[in-house]
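> What follows is start-v2.cif; its format and atoms are mmCIF, C-alpha atoms; chains and numbers go by the auth columns.
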```cif
data_target
loop_
_atom_site.group_PDB
_atom_site.id
_atom_site.type_symbol
_atom_site.label_atom_id
_atom_site.label_comp_id
_atom_site.label_asym_id
_atom_site.label_seq_id
_atom_site.Cartn_x
_atom_site.Cartn_y
_atom_site.Cartn_z
_atom_site.B_iso_or_equiv
_atom_site.auth_seq_id
_atom_site.auth_asym_id
ATOM 1 C CA MET A 1 20.506 70.072 19.152 0.00 1 F
ATOM 2 C CA THR A 2 18.217 67.322 20.377 0.00 2 F
ATOM 3 C CA GLY A 3 15.954 65.012 18.401 0.00 3 F
ATOM 4 C CA THR A 4 12.835 66.267 20.177 0.00 4 F
ATOM 5 C CA ASP A 5 10.013 67.323 17.859 0.00 5 F
ATOM 6 C CA PHE A 6 8.361 70.525 19.044 0.00 6 F
ATOM 7 C CA SER A 7 5.868 70.705 16.204 0.00 7 F
ATOM 8 C CA ARG A 8 2.386 71.826 17.034 0.00 8 F
ATOM 9 C CA PRO A 9 -0.516 69.426 16.556 0.00 9 F
ATOM 10 C CA THR A 10 -2.629 69.918 13.455 0.00 10 F
ATOM 11 C CA ARG A 11 -6.050 71.492 13.828 0.00 11 F
ATOM 12 C CA LEU A 12 -7.683 68.070 13.381 0.00 12 F
ATOM 13 C CA GLU A 13 -5.424 66.515 16.036 0.00 13 F
ATOM 14 C CA ALA A 14 -6.303 69.351 18.434 0.00 14 F
ATOM 15 C CA ALA A 15 -10.010 68.884 17.691 0.00 15 F
ATOM 16 C CA LYS A 16 -9.680 65.111 18.260 0.00 16 F
ATOM 17 C CA GLU A 17 -8.054 65.743 21.629 0.00 17 F
ATOM 18 C CA HIS A 18 -10.782 68.178 22.657 0.00 18 F
ATOM 19 C CA VAL A 19 -13.580 65.889 21.410 0.00 19 F
ATOM 20 C CA GLY A 20 -11.879 62.977 23.194 0.00 20 F
ATOM 21 C CA HIS A 21 -12.244 64.804 26.523 0.00 21 F
ATOM 22 C CA VAL A 22 -15.962 65.297 25.908 0.00 22 F
ATOM 23 C CA PHE A 23 -16.999 62.055 24.154 0.00 23 F
ATOM 24 C CA GLY A 24 -14.107 59.677 24.799 0.00 24 F
ATOM 25 C CA PRO A 25 -11.072 58.554 22.799 0.00 25 F
ATOM 26 C CA ARG A 26 -12.886 55.904 20.745 0.00 26 F
ATOM 27 C CA PHE A 27 -15.358 58.505 19.480 0.00 27 F
ATOM 28 C CA ALA A 28 -12.542 60.984 18.791 0.00 28 F
ATOM 29 C CA SER A 29 -10.516 58.428 16.829 0.00 29 F
ATOM 30 C CA ARG A 30 -13.251 58.393 14.165 0.00 30 F
ATOM 31 C CA LEU A 31 -13.354 62.205 13.879 0.00 31 F
ATOM 32 C CA ASP A 32 -12.550 63.674 10.476 0.00 32 F
ATOM 33 C CA THR A 33 -13.405 66.693 8.329 0.00 33 F
ATOM 34 C CA PHE A 34 -15.174 67.243 5.059 0.00 34 F
ATOM 35 C CA ASP A 35 -13.308 69.227 2.424 0.00 35 F
ATOM 36 C CA ASP A 36 -15.059 72.392 3.654 0.00 36 F
ATOM 37 C CA GLY A 37 -13.762 71.917 7.248 0.00 37 F
ATOM 38 C CA THR A 38 -16.986 70.601 8.803 0.00 38 F
ATOM 39 C CA LEU A 39 -16.330 67.910 11.410 0.00 39 F
ATOM 40 C CA TYR A 40 -17.990 64.495 11.192 0.00 40 F
ATOM 41 C CA VAL A 41 -17.664 61.042 12.706 0.00 41 F
ATOM 42 C CA THR A 42 -16.854 58.258 10.256 0.00 42 F
ATOM 43 C CA ALA A 43 -18.916 55.109 10.387 0.00 43 F
ATOM 44 C CA GLY A 44 -17.122 52.138 11.859 0.00 44 F
ATOM 45 C CA VAL A 45 -15.732 49.400 9.618 0.00 45 F
ATOM 46 C CA LEU A 46 -18.295 46.873 10.829 0.00 46 F
ATOM 47 C CA ALA A 47 -21.197 49.289 10.257 0.00 47 F
ATOM 48 C CA ARG A 48 -19.991 50.073 6.723 0.00 48 F
ATOM 49 C CA LEU A 49 -19.519 46.384 5.945 0.00 49 F
ATOM 50 C CA LEU A 50 -22.938 45.454 7.328 0.00 50 F
ATOM 51 C CA ALA A 51 -24.595 48.314 5.386 0.00 51 F
ATOM 52 C CA TRP A 52 -22.915 47.080 2.203 0.00 52 F
ATOM 53 C CA VAL A 53 -23.983 43.465 2.864 0.00 53 F
ATOM 54 C CA VAL A 54 -27.609 44.505 3.424 0.00 54 F
ATOM 55 C CA ASP A 55 -27.595 46.639 0.264 0.00 55 F
ATOM 56 C CA PHE A 56 -25.980 43.837 -1.727 0.00 56 F
ATOM 57 C CA VAL A 57 -28.612 41.332 -0.517 0.00 57 F
ATOM 58 C CA VAL A 58 -31.411 43.750 -1.471 0.00 58 F
ATOM 59 C CA TYR A 59 -29.763 44.250 -4.878 0.00 59 F
ATOM 60 C CA PHE A 60 -29.463 40.487 -5.317 0.00 60 F
ATOM 61 C CA LEU A 61 -33.134 39.967 -4.411 0.00 61 F
ATOM 62 C CA ILE A 62 -34.243 42.676 -6.861 0.00 62 F
ATOM 63 C CA ALA A 63 -32.107 41.191 -9.654 0.00 63 F
ATOM 64 C CA PHE A 64 -33.213 37.630 -8.855 0.00 64 F
ATOM 65 C CA THR A 65 -36.871 38.685 -8.856 0.00 65 F
ATOM 66 C CA GLY A 66 -36.313 40.362 -12.227 0.00 66 F
ATOM 67 C CA PHE A 67 -34.733 37.188 -13.604 0.00 67 F
ATOM 68 C CA VAL A 68 -37.629 35.038 -12.391 0.00 68 F
ATOM 69 C CA VAL A 69 -40.235 37.419 -13.807 0.00 69 F
ATOM 70 C CA PHE A 70 -38.401 37.556 -17.137 0.00 70 F
ATOM 71 C CA VAL A 71 -38.076 33.768 -17.367 0.00 71 F
ATOM 72 C CA LEU A 72 -41.736 33.210 -16.468 0.00 72 F
ATOM 73 C CA ALA A 73 -42.996 35.899 -18.836 0.00 73 F
ATOM 74 C CA PHE A 74 -40.883 34.913 -21.829 0.00 74 F
ATOM 75 C CA ARG A 75 -40.308 31.175 -21.401 0.00 75 F
ATOM 76 C CA ASP A 76 -42.513 30.199 -24.362 0.00 76 F
ATOM 77 C CA SER A 77 -42.023 33.317 -26.475 0.00 77 F
ATOM 78 C CA GLY A 78 -39.102 32.098 -28.575 0.00 78 F
ATOM 79 C CA THR A 79 -36.945 35.062 -27.558 0.00 79 F
ATOM 80 C CA SER A 80 -33.438 34.843 -29.041 0.00 80 F
ATOM 81 C CA ASP A 81 -30.455 34.061 -26.836 0.00 81 F
ATOM 82 C CA ASN A 82 -28.967 37.488 -27.578 0.00 82 F
ATOM 83 C CA VAL A 83 -32.071 39.293 -26.335 0.00 83 F
ATOM 84 C CA THR A 84 -32.201 37.078 -23.253 0.00 84 F
ATOM 85 C CA THR A 85 -28.527 37.699 -22.468 0.00 85 F
ATOM 86 C CA LEU A 86 -28.798 41.466 -22.940 0.00 86 F
ATOM 87 C CA THR A 87 -31.930 41.588 -20.786 0.00 87 F
ATOM 88 C CA MET A 88 -30.232 39.642 -17.986 0.00 88 F
ATOM 89 C CA LEU A 89 -27.156 41.922 -18.128 0.00 89 F
ATOM 90 C CA GLY A 90 -29.460 44.936 -18.134 0.00 90 F
ATOM 91 C CA MET A 91 -31.151 43.652 -14.994 0.00 91 F
ATOM 92 C CA LEU A 92 -27.775 43.187 -13.298 0.00 92 F
ATOM 93 C CA ALA A 93 -26.906 46.836 -13.952 0.00 93 F
ATOM 94 C CA GLY A 94 -30.454 48.181 -13.673 0.00 94 F
ATOM 95 C CA ALA A 95 -31.341 46.690 -10.281 0.00 95 F
ATOM 96 C CA PRO A 96 -28.871 48.815 -8.246 0.00 96 F
ATOM 97 C CA VAL A 97 -29.777 51.931 -10.229 0.00 97 F
ATOM 98 C CA LEU A 98 -33.468 51.339 -9.503 0.00 98 F
ATOM 99 C CA TYR A 99 -32.701 50.654 -5.818 0.00 99 F
ATOM 100 C CA GLY A 100 -30.552 53.795 -5.563 0.00 100 F
ATOM 101 C CA LEU A 101 -33.215 56.057 -7.098 0.00 101 F
ATOM 102 C CA PHE A 102 -35.245 55.778 -3.899 0.00 102 F
ATOM 103 C CA PHE A 103 -32.402 56.746 -1.555 0.00 103 F
ATOM 104 C CA GLY A 104 -31.106 60.171 -2.587 0.00 104 F
ATOM 105 C CA ASN A 105 -30.849 61.154 1.059 0.00 105 F
ATOM 106 C CA GLY A 106 -28.026 58.608 1.533 0.00 106 F
ATOM 107 C CA ARG A 107 -30.085 56.296 3.728 0.00 107 F
ATOM 108 C CA ALA A 108 -30.628 53.045 1.846 0.00 108 F
ATOM 109 C CA LEU A 109 -31.842 50.035 3.839 0.00 109 F
ATOM 110 C CA GLY A 110 -28.308 49.082 4.887 0.00 110 F
ATOM 111 C CA ALA A 111 -27.620 52.593 6.162 0.00 111 F
ATOM 112 C CA MET A 112 -30.934 52.730 8.037 0.00 112 F
ATOM 113 C CA LEU A 113 -30.167 49.446 9.807 0.00 113 F
ATOM 114 C CA THR A 114 -26.626 50.504 10.773 0.00 114 F
ATOM 115 C CA GLY A 115 -27.298 54.168 11.594 0.00 115 F
ATOM 116 C CA THR A 116 -25.005 55.446 8.864 0.00 116 F
ATOM 117 C CA ARG A 117 -25.496 57.861 5.983 0.00 117 F
ATOM 118 C CA LEU A 118 -23.715 58.107 2.650 0.00 118 F
ATOM 119 C CA VAL A 119 -22.751 61.759 2.068 0.00 119 F
ATOM 120 C CA ARG A 120 -20.551 63.813 -0.258 0.00 120 F
ATOM 121 C CA VAL A 121 -16.958 64.184 0.966 0.00 121 F
ATOM 122 C CA HIS A 122 -16.877 67.788 -0.213 0.00 122 F
ATOM 123 C CA ASP A 123 -19.422 69.194 2.223 0.00 123 F
ATOM 124 C CA GLY A 124 -21.377 66.349 3.845 0.00 124 F
ATOM 125 C CA GLY A 125 -24.423 67.109 1.729 0.00 125 F
ATOM 126 C CA ARG A 126 -27.019 64.752 0.311 0.00 126 F
ATOM 127 C CA ILE A 127 -25.893 62.695 -2.640 0.00 127 F
ATOM 128 C CA GLY A 128 -29.239 63.311 -4.372 0.00 128 F
ATOM 129 C CA PHE A 129 -29.669 61.999 -7.903 0.00 129 F
ATOM 130 C CA ALA A 130 -26.182 60.484 -7.779 0.00 130 F
ATOM 131 C CA ALA A 131 -27.584 57.878 -5.341 0.00 131 F
ATOM 132 C CA CYS A 132 -28.540 55.577 -8.188 0.00 132 F
ATOM 133 C CA TRP A 133 -24.986 55.666 -9.539 0.00 133 F
ATOM 134 C CA ALA A 134 -23.525 55.367 -6.036 0.00 134 F
ATOM 135 C CA MET A 135 -25.594 52.208 -5.508 0.00 135 F
ATOM 136 C CA LEU A 136 -24.341 50.796 -8.813 0.00 136 F
ATOM 137 C CA VAL A 137 -20.779 51.457 -7.679 0.00 137 F
ATOM 138 C CA ARG A 138 -21.402 50.000 -4.191 0.00 138 F
ATOM 139 C CA THR A 139 -23.027 46.778 -5.339 0.00 139 F
ATOM 140 C CA LEU A 140 -21.293 45.962 -8.623 0.00 140 F
ATOM 141 C CA LEU A 141 -18.273 48.055 -9.416 0.00 141 F
ATOM 142 C CA PHE A 142 -16.723 48.448 -5.955 0.00 142 F
ATOM 143 C CA PRO A 143 -16.318 44.680 -5.383 0.00 143 F
ATOM 144 C CA LEU A 144 -14.793 44.399 -8.846 0.00 144 F
ATOM 145 C CA LEU A 145 -12.513 47.371 -8.144 0.00 145 F
ATOM 146 C CA ILE A 146 -11.307 45.868 -4.870 0.00 146 F
ATOM 147 C CA ALA A 147 -10.598 42.566 -6.593 0.00 147 F
ATOM 148 C CA ALA A 148 -8.669 44.386 -9.332 0.00 148 F
ATOM 149 C CA PHE A 149 -6.640 46.402 -6.828 0.00 149 F
ATOM 150 C CA ILE A 150 -5.858 43.318 -4.760 0.00 150 F
ATOM 151 C CA ALA A 151 -4.758 41.486 -7.877 0.00 151 F
ATOM 152 C CA ALA A 152 -2.623 44.462 -8.952 0.00 152 F
ATOM 153 C CA GLY A 153 -1.354 45.227 -5.441 0.00 153 F
ATOM 154 C CA ALA A 154 -2.388 48.892 -5.711 0.00 154 F
ATOM 155 C CA ALA A 155 -4.187 51.262 -3.344 0.00 155 F
ATOM 156 C CA VAL A 156 -7.707 52.621 -3.851 0.00 156 F
ATOM 157 C CA GLY A 157 -7.888 56.222 -5.176 0.00 157 F
ATOM 158 C CA SER A 158 -9.760 59.232 -3.845 0.00 158 F
ATOM 159 C CA LEU A 159 -13.377 59.120 -2.754 0.00 159 F
ATOM 160 C CA SER A 160 -16.268 61.416 -3.548 0.00 160 F
ATOM 161 C CA ARG A 161 -18.680 59.877 -1.018 0.00 161 F
ATOM 162 C CA ILE A 162 -18.193 58.482 2.487 0.00 162 F
ATOM 163 C CA SER A 163 -20.324 56.784 5.139 0.00 163 F
ATOM 164 C CA ILE A 164 -20.714 58.742 8.356 0.00 164 F
ATOM 165 C CA ASP A 165 -22.116 57.730 11.735 0.00 165 F
ATOM 166 C CA ASP A 166 -25.275 59.818 11.550 0.00 166 F
ATOM 167 C CA ALA A 167 -26.196 59.892 15.266 0.00 167 F
ATOM 168 C CA ALA A 168 -22.619 60.490 16.445 0.00 168 F
ATOM 169 C CA THR A 169 -22.134 63.326 13.944 0.00 169 F
ATOM 170 C CA ARG A 170 -25.409 64.908 15.077 0.00 170 F
ATOM 171 C CA ARG A 171 -24.286 64.679 18.757 0.00 171 F
ATOM 172 C CA LEU A 172 -20.933 66.200 17.800 0.00 172 F
ATOM 173 C CA HIS A 173 -22.620 69.167 16.113 0.00 173 F
ATOM 174 C CA GLU A 174 -25.156 69.606 18.923 0.00 174 F
ATOM 175 C CA ALA A 175 -22.241 69.819 21.385 0.00 175 F
ATOM 176 C CA GLY A 176 -20.836 72.755 19.403 0.00 176 F
ATOM 177 C CA PHE A 177 -18.150 70.952 17.423 0.00 177 F
ATOM 178 C CA LEU A 178 -19.021 72.108 13.914 0.00 178 F
ATOM 179 C CA ARG A 179 -15.858 73.119 12.053 0.00 179 F
ATOM 180 C CA LEU A 180 -12.136 73.067 12.592 0.00 180 F
ATOM 181 C CA GLY A 181 -11.163 76.185 14.472 0.00 181 F
ATOM 182 C CA ALA A 182 -14.768 76.908 15.448 0.00 182 F
ATOM 183 C CA VAL A 183 -15.019 74.702 18.531 0.00 183 F
ATOM 184 C CA GLU A 184 -17.205 76.370 21.132 0.00 184 F
ATOM 185 C CA HIS A 185 -15.743 74.657 24.227 0.00 185 F
#
```
Would you mind writing the file's structure down as structure tokens?

Amino acid sequence: MTGTDFSRPTRLEAAKEHVGHVFGPRFASRLDTFDDGTLYVTAGVLARLLAWVVDFVVYFLIAFTGFVVFVLAFRDSGTSDNVTTLTMLGMLAGAPVLYGLFFGNGRALGAMLTGTRLVRVHDGGRIGFAACWAMLVRTLLFPLLIAAFIAAGAAVGSLSRISIDDAATRRLHEAGFLRLGAVEH
């Protein structure tokens, strides 16, 4: 008996090979599937990082503007330190929620600038009302989570949303590559 492995490639590996012949190996290396089997192209690391940076800067500007307005409006009002502290903390958490409310289609400013879209991992659908909570996670909780995992030396858990390369995924679908096992070429 030899040590040769005669195992067949997985359906995703076969799809990547086929897509690689049509679009190139770099494109195919970012190919993945949603939980329902629909193919998509993941956004590149640089695009995801840039989208996050843009969204974080917008969040910071919204929160900073809120702080300035609060300070100017209540500077001579004699507001207690507890009220001031709670208001500032509320603005830190409220700014990303407010920002996310306007981007239920998954295309916040960072995504628009990088050509990405935040979608549900289950089926690639719009994140809808969850966008406000997704923005809170992206701008506040995710950096804290990464820091905690780095400090603990653990890996990040499962995802419910992912950034896709919107234009590349559209080209993939237009070329007939929709689902695993349903490739039209």
> Which one of F:Cys132, F:Val97, F:Leu180, F:Leu141 sits closest to Thr38 of chain F if you count only C-alpha atoms?
F:Leu180
> Apply the PyMOL selection byres ((chain F and resi 99) around 9) to the file shown and report the selected residues as a ChimeraX atom specification.
/F:55,58-59,62,94-98,100-103,108,131-132,135-136
> Can you give me, as a tab-separated table (two decimals) with C-alpha atoms, in the coordinates of the input, the residues this file yields under the PyMOL selection byres ((chain F and resi 163) around 8)?

```
chain	number	residue	atom	x	y	z
F	42	THR	CA	-16.85	58.26	10.26
F	43	ALA	CA	-18.92	55.11	10.39
F	48	ARG	CA	-19.99	50.07	6.72
F	116	THR	CA	-25.00	55.45	8.86
F	117	ARG	CA	-25.50	57.86	5.98
F	118	LEU	CA	-23.72	58.11	2.65
F	119	VAL	CA	-22.75	61.76	2.07
F	161	ARG	CA	-18.68	59.88	-1.02
F	162	ILE	CA	-18.19	58.48	2.49
F	164	ILE	CA	-20.71	58.74	8.36
F	165	ASP	CA	-22.12	57.73	11.74
```
> Please determine, counting only C-alpha atoms, which residue among F:Ala14, F:Thr87, F:Ala130, F:Thr79 has the shortest atom-to-atom distance to Phe67 of chain F.
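Checking each of F:Ala14, F:Thr87, F:Ala130, F:Thr79 against Phe67 of chain F, counting only C-alpha atoms, the winner is F:Thr87.
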> Please put the answer as JSON: centre and edge lengths, in Å with one decimal, of a box along x, y and z that encloses all listed atoms of segment 168-174 of chain F plus 4 Å on each side.

```
{"center_x": -23.2, "center_y": 65.0, "center_z": 16.4, "size_x": 12.5, "size_y": 17.1, "size_z": 13.0}
```
> Give me the residues within 10 Å of Leu12 of chain F as a list in words, counting only C-alpha atoms and dropping any in the same chain fewer than 2 places off.
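The contact residues come out as Pro9, Thr10, Ala14, Ala15, Lys16, Glu17, His18, Leu31, Asp32, Thr33, Gly37, Leu39, Arg179, Leu180 and Gly181 of chain F.
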> With distances taken over all atoms listed in the file, which of F:Thr139, F:Asn105, F:Thr114, F:Thr169 is nearest to Ile127 of chain F?
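The shortest atom-to-atom distance to Ile127 of chain F comes from F:Asn105.
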> Choose the residue, out of F:Val45, F:Ala63, F:Ala167, F:Ala134, that has the smallest atom-to-atom separation from Leu89 of chain F; count all atoms listed in the file.
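Among the listed residues, the smallest separation from Leu89 of chain F belongs to F:Ala63.
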> Atom CA of Phe27 of chain F and atom CA of Arg138 of chain F, how far apart in Å?
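Separation of atom CA of Arg138 of chain F and atom CA of Phe27 of chain F: 25.9 Å.
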> So what do you get for atom CA of Gly24 of chain F versus atom CA of Val41 of chain F, distance-wise?
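Interatomic distance here is 12.7 Å.
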> Suppose you want the space between atom CA of Val137 of chain F and atom CA of Phe56 of chain F; what is it in Å?
11.0 Å
> Kindly indicate which residue among F:Ser7, F:Ser29, F:Ser160, F:Thr85 lies nearest to Gly124 of chain F, using only C-alpha atoms for the distances.
F:Ser160
> Of the residues F:Val69, F:Met112, F:Met88, F:Val22, which is the one nearest to Val54 of chain F, using only C-alpha atoms?
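Closest residue, counting only C-alpha atoms: F:Met112.
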> Please return segment 13-24 of chain F, rebuilt to all heavy atoms, as a PDB file, in the frame of the given file.

```pdb
ATOM      1  N   GLU F  13      -5.923  67.203  14.838  1.00  0.00           N
ATOM      2  CA  GLU F  13      -5.424  66.515  16.036  1.00  0.00           C
ATOM      3  C   GLU F  13      -5.883  67.235  17.308  1.00  0.00           C
ATOM      4  O   GLU F  13      -6.254  66.597  18.284  1.00  0.00           O
ATOM      5  CB  GLU F  13      -3.895  66.424  15.997  1.00  0.00           C
ATOM      6  CG  GLU F  13      -3.370  65.467  14.958  1.00  0.00           C
ATOM      7  CD  GLU F  13      -1.870  65.579  14.751  1.00  0.00           C
ATOM      8  OE1 GLU F  13      -1.271  66.619  15.119  1.00  0.00           O
ATOM      9  OE2 GLU F  13      -1.296  64.630  14.202  1.00  0.00           O
ATOM     10  N   ALA F  14      -5.838  68.570  17.274  1.00  0.00           N
ATOM     11  CA  ALA F  14      -6.303  69.351  18.434  1.00  0.00           C
ATOM     12  C   ALA F  14      -7.796  69.137  18.658  1.00  0.00           C
ATOM     13  O   ALA F  14      -8.249  68.986  19.798  1.00  0.00           O
ATOM     14  CB  ALA F  14      -5.996  70.832  18.221  1.00  0.00           C
ATOM     15  N   ALA F  15      -8.574  69.120  17.569  1.00  0.00           N
ATOM     16  CA  ALA F  15     -10.010  68.884  17.691  1.00  0.00           C
ATOM     17  C   ALA F  15     -10.277  67.480  18.237  1.00  0.00           C
ATOM     18  O   ALA F  15     -11.151  67.294  19.088  1.00  0.00           O
ATOM     19  CB  ALA F  15     -10.695  69.074  16.346  1.00  0.00           C
ATOM     20  N   LYS F  16      -9.515  66.484  17.767  1.00  0.00           N
ATOM     21  CA  LYS F  16      -9.680  65.111  18.260  1.00  0.00           C
ATOM     22  C   LYS F  16      -9.400  65.043  19.758  1.00  0.00           C
ATOM     23  O   LYS F  16     -10.103  64.357  20.500  1.00  0.00           O
ATOM     24  CB  LYS F  16      -8.760  64.152  17.500  1.00  0.00           C
ATOM     25  CG  LYS F  16      -9.247  63.793  16.132  1.00  0.00           C
ATOM     26  CD  LYS F  16      -8.335  62.762  15.490  1.00  0.00           C
ATOM     27  CE  LYS F  16      -8.887  62.336  14.144  1.00  0.00           C
ATOM     28  NZ  LYS F  16      -8.105  61.238  13.547  1.00  0.00           N
ATOM     29  N   GLU F  17      -8.378  65.749  20.201  1.00  0.00           N
ATOM     30  CA  GLU F  17      -8.054  65.743  21.629  1.00  0.00           C
ATOM     31  C   GLU F  17      -9.182  66.376  22.437  1.00  0.00           C
ATOM     32  O   GLU F  17      -9.607  65.843  23.464  1.00  0.00           O
ATOM     33  CB  GLU F  17      -6.744  66.499  21.867  1.00  0.00           C
ATOM     34  CG  GLU F  17      -6.297  66.458  23.309  1.00  0.00           C
ATOM     35  CD  GLU F  17      -4.955  67.151  23.499  1.00  0.00           C
ATOM     36  OE1 GLU F  17      -4.140  67.169  22.571  1.00  0.00           O
ATOM     37  OE2 GLU F  17      -4.748  67.675  24.606  1.00  0.00           O
ATOM     38  N   HIS F  18      -9.699  67.487  21.954  1.00  0.00           N
ATOM     39  CA  HIS F  18     -10.782  68.178  22.657  1.00  0.00           C
ATOM     40  C   HIS F  18     -12.064  67.327  22.664  1.00  0.00           C
ATOM     41  O   HIS F  18     -12.722  67.192  23.688  1.00  0.00           O
ATOM     42  CB  HIS F  18     -11.036  69.536  21.993  1.00  0.00           C
ATOM     43  CG  HIS F  18     -11.812  70.482  22.833  1.00  0.00           C
ATOM     44  ND1 HIS F  18     -11.327  71.040  23.989  1.00  0.00           N
ATOM     45  CD2 HIS F  18     -13.066  70.952  22.689  1.00  0.00           C
ATOM     46  CE1 HIS F  18     -12.243  71.818  24.526  1.00  0.00           C
ATOM     47  NE2 HIS F  18     -13.314  71.795  23.757  1.00  0.00           N
ATOM     48  N   VAL F  19     -12.402  66.752  21.514  1.00  0.00           N
ATOM     49  CA  VAL F  19     -13.580  65.889  21.410  1.00  0.00           C
ATOM     50  C   VAL F  19     -13.394  64.649  22.284  1.00  0.00           C
ATOM     51  O   VAL F  19     -14.342  64.175  22.913  1.00  0.00           O
ATOM     52  CB  VAL F  19     -13.854  65.511  19.935  1.00  0.00           C
ATOM     53  CG1 VAL F  19     -14.855  64.378  19.831  1.00  0.00           C
ATOM     54  CG2 VAL F  19     -14.339  66.724  19.162  1.00  0.00           C
ATOM     55  N   GLY F  20     -12.172  64.139  22.358  1.00  0.00           N
ATOM     56  CA  GLY F  20     -11.879  62.977  23.194  1.00  0.00           C
ATOM     57  C   GLY F  20     -12.177  63.230  24.666  1.00  0.00           C
ATOM     58  O   GLY F  20     -12.627  62.335  25.382  1.00  0.00           O
ATOM     59  N   HIS F  21     -11.940  64.468  25.131  1.00  0.00           N
ATOM     60  CA  HIS F  21     -12.244  64.804  26.523  1.00  0.00           C
ATOM     61  C   HIS F  21     -13.745  64.831  26.773  1.00  0.00           C
ATOM     62  O   HIS F  21     -14.201  64.528  27.873  1.00  0.00           O
ATOM     63  CB  HIS F  21     -11.641  66.162  26.897  1.00  0.00           C
ATOM     64  CG  HIS F  21     -10.149  66.160  26.961  1.00  0.00           C
ATOM     65  ND1 HIS F  21      -9.433  65.369  27.829  1.00  0.00           N
ATOM     66  CD2 HIS F  21      -9.239  66.854  26.246  1.00  0.00           C
ATOM     67  CE1 HIS F  21      -8.150  65.569  27.658  1.00  0.00           C
ATOM     68  NE2 HIS F  21      -7.997  66.464  26.690  1.00  0.00           N
ATOM     69  N   VAL F  22     -14.511  65.189  25.754  1.00  0.00           N
ATOM     70  CA  VAL F  22     -15.962  65.297  25.908  1.00  0.00           C
ATOM     71  C   VAL F  22     -16.657  63.954  25.663  1.00  0.00           C
ATOM     72  O   VAL F  22     -17.516  63.536  26.436  1.00  0.00           O
ATOM     73  CB  VAL F  22     -16.534  66.377  24.956  1.00  0.00           C
ATOM     74  CG1 VAL F  22     -18.050  66.436  25.043  1.00  0.00           C
ATOM     75  CG2 VAL F  22     -15.921  67.735  25.268  1.00  0.00           C
ATOM     76  N   PHE F  23     -16.291  63.268  24.570  1.00  0.00           N
ATOM     77  CA  PHE F  23     -16.999  62.055  24.154  1.00  0.00           C
ATOM     78  C   PHE F  23     -16.201  60.763  24.352  1.00  0.00           C
ATOM     79  O   PHE F  23     -16.748  59.685  24.184  1.00  0.00           O
ATOM     80  CB  PHE F  23     -17.389  62.147  22.679  1.00  0.00           C
ATOM     81  CG  PHE F  23     -18.436  63.180  22.394  1.00  0.00           C
ATOM     82  CD1 PHE F  23     -18.097  64.369  21.783  1.00  0.00           C
ATOM     83  CD2 PHE F  23     -19.764  62.971  22.738  1.00  0.00           C
ATOM     84  CE1 PHE F  23     -19.050  65.325  21.509  1.00  0.00           C
ATOM     85  CE2 PHE F  23     -20.727  63.918  22.465  1.00  0.00           C
ATOM     86  CZ  PHE F  23     -20.369  65.107  21.859  1.00  0.00           C
ATOM     87  N   GLY F  24     -14.937  60.862  24.629  1.00  0.00           N
ATOM     88  CA  GLY F  24     -14.107  59.677  24.799  1.00  0.00           C
ATOM     89  C   GLY F  24     -13.178  59.458  23.613  1.00  0.00           C
ATOM     90  O   GLY F  24     -13.448  59.915  22.500  1.00  0.00           O
TER      91      GLY F  24
END
```
